[in-house]
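Visitor: coords.tsv is reproduced in full below (TSV, C-alpha atoms).
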chain	number	residue	atom	x	y	z
X	1	MET	CA	-50.30	-25.84	-63.33
X	2	LYS	CA	-46.53	-26.33	-63.37
X	3	GLU	CA	-45.97	-22.80	-62.15
X	4	ASN	CA	-48.44	-23.30	-59.28
X	5	MET	CA	-46.70	-26.51	-58.25
X	6	ALA	CA	-43.29	-24.88	-58.35
X	7	ALA	CA	-44.54	-22.08	-56.13
X	8	LYS	CA	-45.70	-24.46	-53.43
X	9	ARG	CA	-43.46	-24.86	-50.43
X	10	ASP	CA	-42.16	-28.25	-49.42
X	11	TYR	CA	-44.77	-29.89	-47.16
X	12	TYR	CA	-42.17	-30.99	-44.63
X	13	GLU	CA	-40.93	-27.40	-44.45
X	14	VAL	CA	-44.50	-26.16	-43.99
X	15	LEU	CA	-44.99	-28.38	-40.93
X	16	GLY	CA	-41.44	-27.85	-39.69
X	17	VAL	CA	-40.48	-31.54	-39.61
X	18	GLN	CA	-37.67	-33.55	-41.16
X	19	ARG	CA	-38.20	-36.01	-44.00
X	20	GLY	CA	-38.68	-39.42	-42.46
X	21	ALA	CA	-40.54	-37.96	-39.46
X	22	SER	CA	-42.94	-40.38	-37.77
X	23	ALA	CA	-46.72	-40.08	-38.08
X	24	ASP	CA	-46.89	-38.94	-34.45
X	25	ASP	CA	-44.31	-36.19	-35.06
X	26	ILE	CA	-46.21	-34.99	-38.12
X	27	LYS	CA	-49.48	-35.00	-36.24
X	28	LYS	CA	-47.96	-33.14	-33.29
X	29	ALA	CA	-46.44	-30.48	-35.53
X	30	PHE	CA	-49.75	-29.99	-37.34
X	31	ARG	CA	-51.65	-29.71	-34.07
X	32	ASN	CA	-49.40	-26.94	-32.79
X	33	LEU	CA	-49.48	-24.96	-36.03
X	34	ALA	CA	-53.24	-25.39	-36.45
X	35	LYS	CA	-53.83	-23.85	-33.04
X	36	LYS	CA	-51.51	-20.95	-33.81
X	37	TYR	CA	-52.98	-20.03	-37.20
X	38	HIS	CA	-56.61	-21.03	-36.66
X	39	PRO	CA	-58.84	-18.28	-38.21
X	40	ASP	CA	-60.84	-17.92	-35.01
X	41	ALA	CA	-57.64	-17.19	-33.13
X	42	ASN	CA	-56.68	-14.65	-35.81
X	43	PRO	CA	-59.89	-12.86	-36.85
X	44	ASN	CA	-59.68	-10.78	-40.03
X	45	ASN	CA	-56.12	-11.94	-40.62
X	46	LYS	CA	-55.81	-13.04	-44.27
X	47	GLU	CA	-52.19	-14.07	-43.86
X	48	ALA	CA	-53.06	-16.42	-40.97
X	49	GLU	CA	-55.97	-17.83	-42.98
X	50	GLU	CA	-53.72	-18.63	-45.96
X	51	LYS	CA	-51.14	-20.11	-43.63
X	52	PHE	CA	-53.83	-22.28	-42.06
X	53	LYS	CA	-54.90	-23.57	-45.49
X	54	GLU	CA	-51.28	-24.36	-46.36
X	55	ILE	CA	-50.82	-26.28	-43.11
X	56	ASN	CA	-54.00	-28.27	-43.70
X	57	GLU	CA	-52.91	-29.12	-47.24
X	58	ALA	CA	-49.51	-30.33	-46.06
X	59	TYR	CA	-51.03	-32.48	-43.34
X	60	GLU	CA	-53.64	-33.94	-45.71
X	61	ILE	CA	-50.81	-35.35	-47.84
X	62	LEU	CA	-48.27	-36.33	-45.18
X	63	SER	CA	-50.84	-38.02	-42.92
X	64	ASP	CA	-51.94	-40.36	-45.73
X	65	THR	CA	-49.50	-43.23	-46.25
X	66	GLN	CA	-50.10	-43.57	-50.01
X	67	LYS	CA	-50.15	-39.84	-50.73
X	68	LYS	CA	-47.03	-39.34	-48.64
X	69	ALA	CA	-45.16	-42.09	-50.53
X	70	ALA	CA	-46.11	-40.52	-53.87
X	71	TYR	CA	-45.11	-37.08	-52.65
X	72	ASP	CA	-41.75	-38.34	-51.36
X	73	GLN	CA	-41.01	-39.84	-54.79
X	74	PHE	CA	-42.53	-37.34	-57.23
X	75	GLY	CA	-43.14	-34.16	-55.25
X	76	HIS	CA	-46.33	-32.12	-55.60
X	77	ALA	CA	-47.12	-33.58	-59.04
X	78	GLY	CA	-46.99	-37.13	-57.73
X	79	ALA	CA	-49.21	-36.28	-54.75
X	80	GLY	CA	-51.93	-35.02	-57.12
X	81	VAL	CA	-52.63	-31.76	-55.27
X	82	GLY	CA	-53.37	-28.25	-56.40
X	83	GLY	CA	-56.22	-29.02	-58.84
X	84	PRO	CA	-59.91	-28.35	-58.39
X	85	GLY	CA	-60.49	-31.66	-56.66
X	86	GLY	CA	-57.41	-31.47	-54.46
X	87	PHE	CA	-57.14	-30.22	-50.95
X	88	GLY	CA	-55.57	-26.93	-51.97
X	89	GLY	CA	-58.40	-26.03	-54.33
X	90	GLY	CA	-61.38	-27.00	-52.21
X	91	GLY	CA	-60.43	-25.70	-48.77
X	92	PHE	CA	-60.32	-27.68	-45.53
X	93	ARG	CA	-62.72	-30.63	-45.17
X	94	PRO	CA	-62.94	-32.73	-41.98
X	95	GLN	CA	-63.61	-35.87	-44.06
X	96	ASP	CA	-60.11	-35.57	-45.57
X	97	PHE	CA	-58.76	-36.89	-42.28
X	98	GLY	CA	-60.06	-40.35	-43.00
X	99	ASN	CA	-61.90	-40.82	-39.70
X	100	ALA	CA	-63.72	-38.62	-37.20
X	101	ALA	CA	-61.67	-39.84	-34.26
X	102	ASP	CA	-58.47	-38.44	-35.76
X	103	PHE	CA	-60.22	-35.15	-36.52
X	104	GLU	CA	-61.54	-34.86	-32.95
X	105	ASP	CA	-58.17	-35.77	-31.46
X	106	ILE	CA	-56.39	-32.99	-33.35
X	107	PHE	CA	-58.95	-30.20	-33.04
X	108	GLY	CA	-60.65	-31.07	-29.73
X	109	ASP	CA	-58.64	-28.59	-27.69
X	110	VAL	CA	-58.94	-25.93	-30.42
X	111	PHE	CA	-62.74	-25.99	-30.13
X	112	SER	CA	-62.56	-26.06	-26.36
X	113	ASN	CA	-60.24	-23.06	-26.21
X	114	PHE	CA	-62.10	-20.83	-28.66
X	115	PHE	CA	-65.75	-21.77	-28.29
X	116	GLY	CA	-66.10	-23.39	-24.86
X	117	GLY	CA	-67.53	-26.50	-26.50
X	118	THR	CA	-66.49	-30.03	-27.39
X	119	ALA	CA	-65.14	-31.02	-30.79
X	120	GLY	CA	-66.98	-33.66	-32.72
X	121	ALA	CA	-69.83	-33.81	-30.25
X	122	ARG	CA	-72.62	-35.92	-31.64
X	123	PRO	CA	-76.31	-34.99	-31.31
X	124	GLY	CA	-77.85	-36.43	-28.20
X	125	ARG	CA	-74.56	-37.99	-26.99
X	126	ALA	CA	-75.14	-36.88	-23.36
X	127	ARG	CA	-78.89	-37.00	-23.59
X	128	ASN	CA	-80.46	-38.49	-20.50
X	129	GLN	CA	-77.24	-40.26	-19.55
X	130	ALA	CA	-76.81	-40.97	-15.86
X	131	GLN	CA	-74.10	-38.76	-14.36
X	132	GLU	CA	-72.24	-39.43	-11.16
X	133	GLY	CA	-72.52	-36.74	-8.51
X	134	ASP	CA	-69.58	-34.58	-7.45
X	135	ASP	CA	-67.22	-35.59	-4.66
X	136	LEU	CA	-67.13	-33.41	-1.56
X	137	ARG	CA	-64.42	-32.47	0.93
X	138	TYR	CA	-64.73	-31.92	4.67
X	139	ASP	CA	-61.89	-30.80	6.97
X	140	LEU	CA	-62.08	-32.34	10.45
X	141	ASN	CA	-59.96	-31.07	13.35
X	142	LEU	CA	-58.80	-33.54	16.01
X	143	THR	CA	-56.91	-33.24	19.27
X	144	PHE	CA	-53.70	-35.24	19.58
X	145	GLU	CA	-55.40	-37.71	21.92
X	146	GLU	CA	-58.40	-38.17	19.58
X	147	ALA	CA	-56.05	-39.04	16.75
X	148	ALA	CA	-54.02	-41.35	18.99
X	149	PHE	CA	-56.91	-43.42	20.35
X	150	GLY	CA	-59.49	-43.03	17.58
X	151	ILE	CA	-62.94	-41.50	17.88
X	152	THR	CA	-66.35	-41.41	16.22
X	153	LYS	CA	-67.56	-37.91	15.37
X	154	ASP	CA	-70.76	-36.58	13.85
X	155	ILE	CA	-70.27	-33.97	11.15
X	156	LYS	CA	-72.81	-31.84	9.29
X	157	VAL	CA	-72.45	-31.62	5.50
X	158	HIS	CA	-74.37	-29.36	3.12
X	159	LYS	CA	-74.82	-31.11	-0.22
X	160	LEU	CA	-77.14	-31.62	-3.19
X	161	ALA	CA	-79.50	-34.53	-2.59
X	162	THR	CA	-82.01	-36.17	-4.93
X	163	CYS	CA	-85.34	-34.33	-4.78
X	164	GLU	CA	-87.81	-36.55	-2.95
X	165	SER	CA	-90.79	-34.91	-4.63
X	166	CYS	CA	-89.83	-35.69	-8.25
X	167	HIS	CA	-87.25	-38.45	-7.52
X	168	GLY	CA	-84.62	-36.52	-9.46
X	169	SER	CA	-86.54	-36.05	-12.72
X	170	GLY	CA	-86.99	-32.30	-12.23
X	171	ALA	CA	-90.60	-32.56	-13.43
X	172	LYS	CA	-93.72	-31.93	-11.40
X	173	PRO	CA	-95.33	-35.30	-10.68
X	174	GLY	CA	-97.65	-36.17	-13.57
X	175	SER	CA	-96.29	-33.53	-15.97
X	176	GLY	CA	-93.66	-35.67	-17.67
X	177	ARG	CA	-90.87	-34.29	-19.84
X	178	VAL	CA	-90.98	-32.46	-23.19
X	179	VAL	CA	-88.50	-31.85	-26.00
X	180	CYS	CA	-86.32	-28.77	-25.47
X	181	THR	CA	-87.52	-26.02	-27.80
X	182	THR	CA	-84.07	-24.41	-28.02
X	183	CYS	CA	-82.09	-27.39	-29.35
X	184	LYS	CA	-85.08	-29.33	-30.75
X	185	GLY	CA	-84.13	-32.38	-28.70
X	186	THR	CA	-80.54	-32.71	-29.93
X	187	GLY	CA	-78.96	-31.42	-26.74
X	188	GLN	CA	-76.71	-29.13	-28.80
X	189	ILE	CA	-76.70	-25.73	-30.45
X	190	ARG	CA	-74.82	-25.61	-33.75
X	191	SER	CA	-73.17	-22.55	-35.25
X	192	THR	CA	-70.75	-21.90	-38.11
X	193	GLN	CA	-67.32	-20.49	-37.25
X	194	GLY	CA	-65.02	-19.96	-40.23
X	195	PHE	CA	-64.41	-23.37	-41.81
X	196	PHE	CA	-66.16	-25.31	-39.09
X	197	THR	CA	-69.59	-26.07	-37.75
X	198	ILE	CA	-69.38	-25.94	-33.97
X	199	ALA	CA	-71.67	-27.88	-31.65
X	200	ARG	CA	-72.14	-26.50	-28.14
X	201	THR	CA	-74.05	-28.04	-25.27
X	202	CYS	CA	-77.50	-26.51	-24.99
X	203	THR	CA	-77.51	-24.32	-21.90
X	204	ARG	CA	-81.28	-24.49	-21.50
X	205	CYS	CA	-81.60	-28.26	-21.12
X	206	GLY	CA	-77.99	-28.95	-20.10
X	207	GLY	CA	-77.44	-31.19	-23.12
X	208	GLN	CA	-80.26	-33.60	-22.26
X	209	GLY	CA	-82.52	-32.61	-25.14
X	210	GLU	CA	-85.52	-32.72	-22.80
X	211	MET	CA	-87.01	-30.49	-20.14
X	212	PRO	CA	-89.64	-30.98	-17.46
X	213	GLY	CA	-93.13	-30.40	-18.83
X	214	SER	CA	-93.77	-28.48	-15.65
X	215	PRO	CA	-90.84	-27.86	-13.28
X	216	CYS	CA	-91.00	-29.53	-9.89
X	217	PRO	CA	-91.82	-26.78	-7.35
X	218	ALA	CA	-89.56	-28.36	-4.73
X	219	CYS	CA	-86.34	-28.35	-6.78
X	220	LYS	CA	-87.29	-25.77	-9.48
X	221	GLY	CA	-86.73	-28.40	-12.17
X	222	HIS	CA	-83.15	-29.24	-11.19
X	223	GLY	CA	-83.88	-32.69	-9.77
X	224	ARG	CA	-81.73	-32.00	-6.72
X	225	VAL	CA	-82.09	-29.87	-3.61
X	226	GLU	CA	-79.54	-28.66	-1.09
X	227	LYS	CA	-79.78	-30.38	2.26
X	228	GLU	CA	-77.83	-30.61	5.48
X	229	ARG	CA	-76.98	-34.17	6.46
X	230	THR	CA	-75.42	-35.41	9.69
X	231	ILE	CA	-72.86	-38.13	9.01
X	232	SER	CA	-71.09	-40.30	11.57
X	233	VAL	CA	-67.34	-40.52	10.86
X	234	LYS	CA	-65.29	-43.26	12.50
X	235	VAL	CA	-61.68	-42.12	12.91
X	236	PRO	CA	-59.30	-45.07	13.46
X	237	ALA	CA	-56.63	-44.93	16.15
X	238	GLY	CA	-53.22	-43.63	15.11
X	239	VAL	CA	-54.19	-41.34	12.24
X	240	ASP	CA	-51.79	-38.53	11.43
X	241	GLU	CA	-51.99	-34.98	10.07
X	242	GLY	CA	-53.18	-35.02	6.46
X	243	SER	CA	-54.78	-38.47	6.64
X	244	ARG	CA	-57.85	-38.84	4.45
X	245	LEU	CA	-60.99	-40.91	4.95
X	246	ARG	CA	-63.26	-41.81	2.03
X	247	LEU	CA	-66.98	-42.23	2.66
X	248	ARG	CA	-68.51	-43.79	-0.45
X	249	GLY	CA	-71.83	-42.43	-1.64
X	250	GLU	CA	-71.85	-39.51	0.79
X	251	GLY	CA	-71.07	-36.89	-1.85
X	252	GLU	CA	-73.61	-35.04	-3.98
X	253	ALA	CA	-76.44	-36.91	-5.66
X	254	GLY	CA	-76.03	-37.84	-9.33
X	255	LEU	CA	-78.19	-36.72	-12.25
X	256	ASN	CA	-80.65	-38.90	-14.14
X	257	GLY	CA	-80.35	-41.71	-11.63
X	258	GLY	CA	-76.56	-41.63	-11.53
X	259	PRO	CA	-74.72	-42.72	-8.38
X	260	ALA	CA	-73.79	-40.23	-5.67
X	261	GLY	CA	-70.20	-39.03	-5.37
X	262	ASP	CA	-67.97	-39.67	-2.38
X	263	LEU	CA	-67.13	-37.60	0.68
X	264	TYR	CA	-63.45	-37.16	1.51
X	265	VAL	CA	-62.71	-36.24	5.12
X	266	PHE	CA	-59.29	-34.63	5.56
X	267	LEU	CA	-57.93	-34.91	9.11
X	268	HIS	CA	-55.98	-32.16	10.88
X	269	VAL	CA	-54.28	-33.09	14.17
X	270	GLU	CA	-53.35	-30.52	16.82
X	271	ALA	CA	-49.77	-30.50	18.09
X	272	HIS	CA	-49.12	-31.88	21.58
X	273	ASP	CA	-47.52	-29.83	24.34
X	274	PHE	CA	-45.17	-32.63	25.41
X	275	PHE	CA	-44.88	-35.28	22.71
X	276	GLN	CA	-43.57	-35.09	19.15
X	277	ARG	CA	-44.61	-37.70	16.63
X	278	GLU	CA	-42.52	-39.64	14.11
X	279	GLY	CA	-44.63	-42.25	12.40
X	280	SER	CA	-46.01	-44.47	15.17
X	281	ASP	CA	-43.25	-43.50	17.62
X	282	LEU	CA	-43.43	-40.69	20.15
X	283	HIS	CA	-40.53	-38.54	21.33
X	284	CYS	CA	-40.10	-36.41	24.44
X	285	GLU	CA	-37.33	-34.65	26.37
X	286	ILE	CA	-37.05	-34.74	30.16
X	287	PRO	CA	-34.55	-32.59	32.11
X	288	ILE	CA	-32.67	-34.17	35.04
X	289	SER	CA	-30.17	-32.70	37.48
X	290	PHE	CA	-26.42	-33.38	37.54
X	291	PRO	CA	-26.57	-35.35	40.82
X	292	GLN	CA	-29.44	-37.49	39.41
X	293	ALA	CA	-27.46	-38.25	36.28
X	294	ALA	CA	-24.32	-39.03	38.30
X	295	LEU	CA	-25.92	-41.14	41.02
X	296	GLY	CA	-28.83	-42.65	39.07
X	297	PHE	CA	-32.46	-42.68	40.14
X	298	GLU	CA	-35.97	-43.80	39.14
X	299	LEU	CA	-37.71	-41.35	36.81
X	300	GLU	CA	-41.47	-41.01	36.40
X	301	VAL	CA	-42.25	-40.66	32.68
X	302	PRO	CA	-45.62	-39.47	31.30
X	303	THR	CA	-47.25	-41.47	28.48
X	304	LEU	CA	-50.58	-41.09	26.67
X	305	GLU	CA	-52.06	-43.68	29.02
X	306	GLY	CA	-50.57	-42.40	32.29
X	307	THR	CA	-47.14	-42.36	33.95
X	308	VAL	CA	-44.62	-45.18	34.08
X	309	LYS	CA	-41.37	-45.53	36.03
X	310	MET	CA	-38.06	-45.71	34.20
X	311	LYS	CA	-34.66	-46.42	35.76
X	312	ILE	CA	-31.89	-43.90	35.03
X	313	PRO	CA	-28.53	-45.65	35.64
X	314	ALA	CA	-25.66	-43.90	37.42
X	315	GLY	CA	-23.35	-41.97	35.12
X	316	THR	CA	-26.01	-41.20	32.50
X	317	GLN	CA	-24.82	-38.61	30.02
X	318	SER	CA	-26.92	-35.71	28.69
X	319	GLY	CA	-28.69	-36.62	25.45
X	320	LYS	CA	-29.03	-40.31	26.30
X	321	VAL	CA	-32.15	-41.82	24.67
X	322	PHE	CA	-34.21	-44.48	26.43
X	323	ARG	CA	-36.83	-46.55	24.61
X	324	LEU	CA	-40.10	-47.59	26.24
X	325	ARG	CA	-41.56	-50.39	24.14
X	326	GLU	CA	-45.16	-50.11	22.87
X	327	LYS	CA	-45.82	-46.79	24.60
X	328	GLY	CA	-46.27	-44.96	21.31
X	329	LEU	CA	-49.16	-44.94	18.83
X	330	LYS	CA	-51.11	-47.67	17.10
X	331	HIS	CA	-50.62	-47.79	13.34
X	332	PRO	CA	-54.02	-47.22	11.69
X	333	GLN	CA	-53.41	-49.81	8.96
X	334	GLU	CA	-51.04	-52.28	10.54
X	335	GLU	CA	-50.77	-54.37	13.68
X	336	GLY	CA	-48.57	-53.34	16.57
X	337	VAL	CA	-47.83	-50.18	18.53
X	338	GLY	CA	-44.93	-47.77	18.27
X	339	ASP	CA	-42.47	-46.89	21.04
X	340	LEU	CA	-41.85	-43.88	23.26
X	341	LEU	CA	-38.30	-42.52	23.02
X	342	VAL	CA	-37.25	-40.47	26.03
X	343	THR	CA	-34.24	-38.17	25.76
X	344	VAL	CA	-32.75	-37.06	29.10
X	345	VAL	CA	-31.08	-33.65	29.24
X	346	VAL	CA	-28.73	-32.94	32.13
X	347	GLU	CA	-29.36	-29.42	33.38
X	348	THR	CA	-26.45	-27.35	34.68
X	349	PRO	CA	-27.32	-25.46	37.88
X	350	SER	CA	-27.04	-21.67	37.87
X	351	ASP	CA	-27.07	-18.90	40.53
X	352	LEU	CA	-25.18	-21.01	43.08
X	353	ASN	CA	-24.84	-19.74	46.65
X	354	SER	CA	-21.50	-19.74	48.44
X	355	LYS	CA	-22.04	-23.09	50.14
X	356	GLN	CA	-22.94	-24.80	46.87
X	357	LYS	CA	-19.92	-23.33	45.17
X	358	LYS	CA	-17.62	-24.52	47.98
X	359	LEU	CA	-19.03	-28.06	47.81
X	360	LEU	CA	-18.59	-28.19	44.05
X	361	GLU	CA	-15.00	-26.95	44.40
X	362	GLU	CA	-14.33	-29.73	46.89
X	363	PHE	CA	-15.96	-32.22	44.51
X	364	THR	CA	-13.78	-31.01	41.64
X	365	ALA	CA	-10.64	-31.43	43.72
X	366	LEU	CA	-11.63	-34.99	44.53
X	367	THR	CA	-12.52	-35.87	40.96
X	368	GLU	CA	-10.08	-38.26	39.32
X	369	GLU	CA	-9.55	-38.91	35.65
X	370	ASN	CA	-11.52	-42.15	35.72
X	371	ASN	CA	-14.54	-40.16	36.94
X	372	THR	CA	-14.56	-38.03	33.80
X	373	PRO	CA	-13.34	-40.20	30.90
X	374	GLN	CA	-14.51	-37.86	28.15
X	375	ILE	CA	-12.84	-34.82	29.73
X	376	SER	CA	-9.63	-36.77	30.31
X	377	LYS	CA	-9.62	-37.98	26.71
X	378	PHE	CA	-10.09	-34.43	25.45
X	379	MET	CA	-7.31	-33.02	27.64
X	380	HIS	CA	-4.92	-35.72	26.40
X	381	LYS	CA	-5.66	-34.84	22.76
X	382	MET	CA	-5.19	-31.14	23.43
X	383	LYS	CA	-1.79	-31.70	25.10
X	384	SER	CA	-0.64	-33.83	22.15
X	385	PHE	CA	-1.76	-31.13	19.72
X	386	PHE	CA	0.23	-28.35	21.41
X	387	ALA	CA	3.23	-30.63	21.83
X	388	ARG	CA	3.37	-31.08	18.03
X	389	LYS	CA	3.21	-27.32	17.57
X	390	LYS	CA	6.42	-26.92	19.54
What would you get if you wrote out this structure as structure tokens?
Guide:
Amino acid sequence: MKENMAAKRDYYEVLGVQRGASADDIKKAFRNLAKKYHPDANPNNKEAEEKFKEINEAYEILSDTQKKAAYDQFGHAGAGVGGPGGFGGGGFRPQDFGNAADFEDIFGDVFSNFFGGTAGARPGRARNQAQEGDDLRYDLNLTFEEAAFGITKDIKVHKLATCESCHGSGAKPGSGRVVCTTCKGTGQIRSTQGFFTIARTCTRCGGQGEMPGSPCPACKGHGRVEKERTISVKVPAGVDEGSRLRLRGEGEAGLNGGPAGDLYVFLHVEAHDFFQREGSDLHCEIPISFPQAALGFELEVPTLEGTVKMKIPAGTQSGKVFRLREKGLKHPQEEGVGDLLVTVVVETPSDLNSKQKKLLEEFTALTEENNTPQISKFMHKMKSFFARKK
């Protein structure tokens, strides 16, 4: 016995944690190692199997407060392991974890990964339980104007609806339901894998433990049928690209009387030829000529609701932004309307004829510094710069 104890590795070393590690750290380390060396992940690998037993033994001691305290003080002898009744002699037992919840928490993802099932599933757990139907998605395209002003549109959705013939039971009217012959009413198929007994959901009855005595001819025993439904969707004014509307209860029908899922309508808004959007504000650029910018004039500006007149003052510079209040978009969830921001761009004329060139030359000769303050300021800076160079 003493030789066996001396040969055992330190349990903290086995799990790769420091002495004084918290219960969560110990549990996390065990979880990771258990996945790595699980026999079903390493078939016909004796070394992995022995490693797995060693890991289980270490965790069995270090996860128990009293056993851990004894081990910390007296080592393997104090922990009382290694004998016929100990963990090391009897193999892995789920009950050694103290409670099923802890066992499920540690090995739930191991079962899911290797066997496609659920750890710790109890017989009949999902049997006849009402299940909510799946949510659905629909992508709706809108023009810029439809999104700006709001619109009501009818859409057609293909979805699973409750069978009207059997009212969702899946059974032919009058035939009732019978116990599933495959799982004997438990809703699960059990099989032994290495150290464990694995419970999988019965594929024949879907885990319900029951089947229609005679399948409903309308839905073939499924309780739901695919139907096309026309749904009216009210799109509020001011929605933007990527907005999402939720229509409760318009998804697929639930099972066993469960509620229907929801329908999510994702909105896609076409770009506009003239306006760009920024939140509830609209932006646009309008070119004007040099004489218009210099002399000033009244500009006709397009908006989503028609044209409005805007005064351009004399001496307006290119890039000047004018704001037209409440000519933008309505916010779909707040009060008020955005603005329209108009940027004027002064266009330089090209391909001048001889008369135009002569008039511009005369204009240049008559231009004084106070007519071009920005140019005059720049020329003054440039002269000062070259004067310092000398």
Visitor: Using only C-alpha atoms, which of X:Leu255, X:Cys183, X:Ala148, X:Leu245 sits nearest X:Ser280?
Guide: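 Of the candidates, the smallest distance to X:Ser280 is held by X:Ala148.
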Visitor: Residues near X:Val235, anyone? I mean within 8 Å using all atoms listed in the file, not counting same-chain ones fewer than 2 positions away, as a PyMOL selection string.
Guide: chain X and resi 147+150-153+233+237+239
Visitor: Kindly export the residues of the current selection with C-alpha atoms, as a PDB file, keeping the file's coordinate frame.
Guide:
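The file below, part07.pdb, is the result:
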ATOM      1  CA  ALA X 147     -56.050 -39.040  16.750  1.00  0.00           C
ATOM      2  CA  GLY X 150     -59.490 -43.030  17.580  1.00  0.00           C
ATOM      3  CA  ILE X 151     -62.940 -41.500  17.880  1.00  0.00           C
ATOM      4  CA  THR X 152     -66.350 -41.410  16.220  1.00  0.00           C
ATOM      5  CA  LYS X 153     -67.560 -37.910  15.370  1.00  0.00           C
ATOM      6  CA  VAL X 233     -67.340 -40.520  10.860  1.00  0.00           C
ATOM      7  CA  ALA X 237     -56.630 -44.930  16.150  1.00  0.00           C
ATOM      8  CA  VAL X 239     -54.190 -41.340  12.240  1.00  0.00           C
TER       9      VAL X 239
END
Visitor: Let me make sure I understand: among X:Lys67, X:Lys36, X:Arg244, X:Lys159, which one has the smallest atom-to-atom distance to X:Phe266 if we use only C-alpha atoms?
Guide: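 Of X:Lys67, X:Lys36, X:Arg244, X:Lys159, the one nearest X:Phe266, counting only C-alpha atoms, is X:Arg244.
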Visitor: So that I can check the surroundings of X:Lys68, please list as a ChimeraX atom specification every protein, DNA and RNA residue that reaches within 12 Å of it, counting only C-alpha atoms and ignoring chain neighbours fewer than 4 positions away.
Guide: /X:11-12,19-23,26,57-64,72-81
Visitor: Taking into account all atoms listed in the file, which residue in the set X:Gly174, X:Pro43, X:Pro302, X:Gly213 is nearest to X:His283?
Guide: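 Closest candidate: X:Pro302.
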Visitor: Wanna dump the stretch 165-194 of chain X-stretch 217-227 of chain X contacts at 6 Å for me, each residue with its shortest atom pair and the distance in Å to one decimal, counting only C-alpha atoms, ordered by chain and number, as a tab-separated table?
Guide:
residue	atom	partner	partner_atom	distance
X:Gly168	CA	X:Gly223	CA	3.9
X:Ser169	CA	X:Gly223	CA	5.2
X:Gly170	CA	X:Gly221	CA	3.9
X:Ala171	CA	X:Gly221	CA	5.8
Visitor: Please, what distance in Å, to one decimal, runs between atom CA of X:Glu298 and atom CA of X:Asp281?
Guide: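 Straight-line distance from atom CA of X:Glu298 to atom CA of X:Asp281 works out to 22.7 Å.
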Visitor: Give me the residues near X:Cys202 as a list in words, where near means some atom within 6 Å (using all atoms listed in the file) and where sequence neighbours in that chain fewer than 6 positions away do not count.
Guide: Gly187, Gln188 and Ile189 of chain X
Visitor: In terms of the shortest atom-to-atom distance over only C-alpha atoms, which of X:Gln66, X:Gln333, X:Thr182, X:Thr307 is closest to X:Gly238?
Guide: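 Counting only C-alpha atoms, the residue closest to X:Gly238 is X:Gln333.
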Visitor: Using Å and a single decimal, report how far atom CA of X:Phe52 sits from atom CA of X:Arg9.
Guide: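 These atoms are spaced 13.6 Å apart.
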Visitor: I want to know what sits within 8 Å of stretch 257-262 of chain X, based on all atoms listed in the file, with residues of the same chain fewer than 3 positions away left out; could you give that as a list in words?
Guide: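 Everything that qualifies: Ala130, Gln131, Glu132, Gly133, Asp134, Asp135, Leu136, Gly168, Arg246, Leu247, Arg248, Gly249, Glu250, Gly251, Glu252, Ala253 and Gly254 of chain X.
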Visitor: Choose the residue, out of X:Glu347, X:Glu145, X:Glu305, X:Glu335, that has the smallest atom-to-atom separation from X:Glu270; count only C-alpha atoms.
Guide: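 Looking at the shortest contact to X:Glu270, the residue is X:Glu145.
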Visitor: Contacts of stretch 308-318 of chain X at 9 Å or less, counting only C-alpha atoms, minus same-chain residues fewer than 6 places along, as a PDB file with C-alpha atoms, in the coordinates of the input?
Guide:
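Heads up, here's the output in out.pdb:
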ATOM      1  CA  PRO X 287     -34.550 -32.590  32.110  1.00  0.00           C
ATOM      2  CA  ILE X 288     -32.670 -34.170  35.040  1.00  0.00           C
ATOM      3  CA  GLN X 292     -29.440 -37.490  39.410  1.00  0.00           C
ATOM      4  CA  ALA X 293     -27.460 -38.250  36.280  1.00  0.00           C
ATOM      5  CA  ALA X 294     -24.320 -39.030  38.300  1.00  0.00           C
ATOM      6  CA  LEU X 295     -25.920 -41.140  41.020  1.00  0.00           C
ATOM      7  CA  GLY X 296     -28.830 -42.650  39.070  1.00  0.00           C
ATOM      8  CA  PHE X 297     -32.460 -42.680  40.140  1.00  0.00           C
ATOM      9  CA  GLU X 298     -35.970 -43.800  39.140  1.00  0.00           C
ATOM     10  CA  LEU X 299     -37.710 -41.350  36.810  1.00  0.00           C
ATOM     11  CA  GLU X 300     -41.470 -41.010  36.400  1.00  0.00           C
ATOM     12  CA  VAL X 301     -42.250 -40.660  32.680  1.00  0.00           C
ATOM     13  CA  PRO X 302     -45.620 -39.470  31.300  1.00  0.00           C
ATOM     14  CA  LEU X 324     -40.100 -47.590  26.240  1.00  0.00           C
ATOM     15  CA  THR X 343     -34.240 -38.170  25.760  1.00  0.00           C
ATOM     16  CA  VAL X 344     -32.750 -37.060  29.100  1.00  0.00           C
ATOM     17  CA  VAL X 345     -31.080 -33.650  29.240  1.00  0.00           C
ATOM     18  CA  VAL X 346     -28.730 -32.940  32.130  1.00  0.00           C
ATOM     19  CA  GLU X 347     -29.360 -29.420  33.380  1.00  0.00           C
TER      20      GLU X 347
END
Visitor: Hey, can you check how far atom CA of X:Glu50 sits from atom CA of X:Leu15?
Guide: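 Separation of atom CA of X:Glu50 and atom CA of X:Leu15: 14.0 Å.
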Visitor: So, counting all atoms listed in the file, which residue among X:Phe149, X:Lys53, X:Lys184, X:Ala271 is closest to X:Val337?
Guide: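 With all atoms listed in the file as the atom set, the closest residue is X:Phe149.
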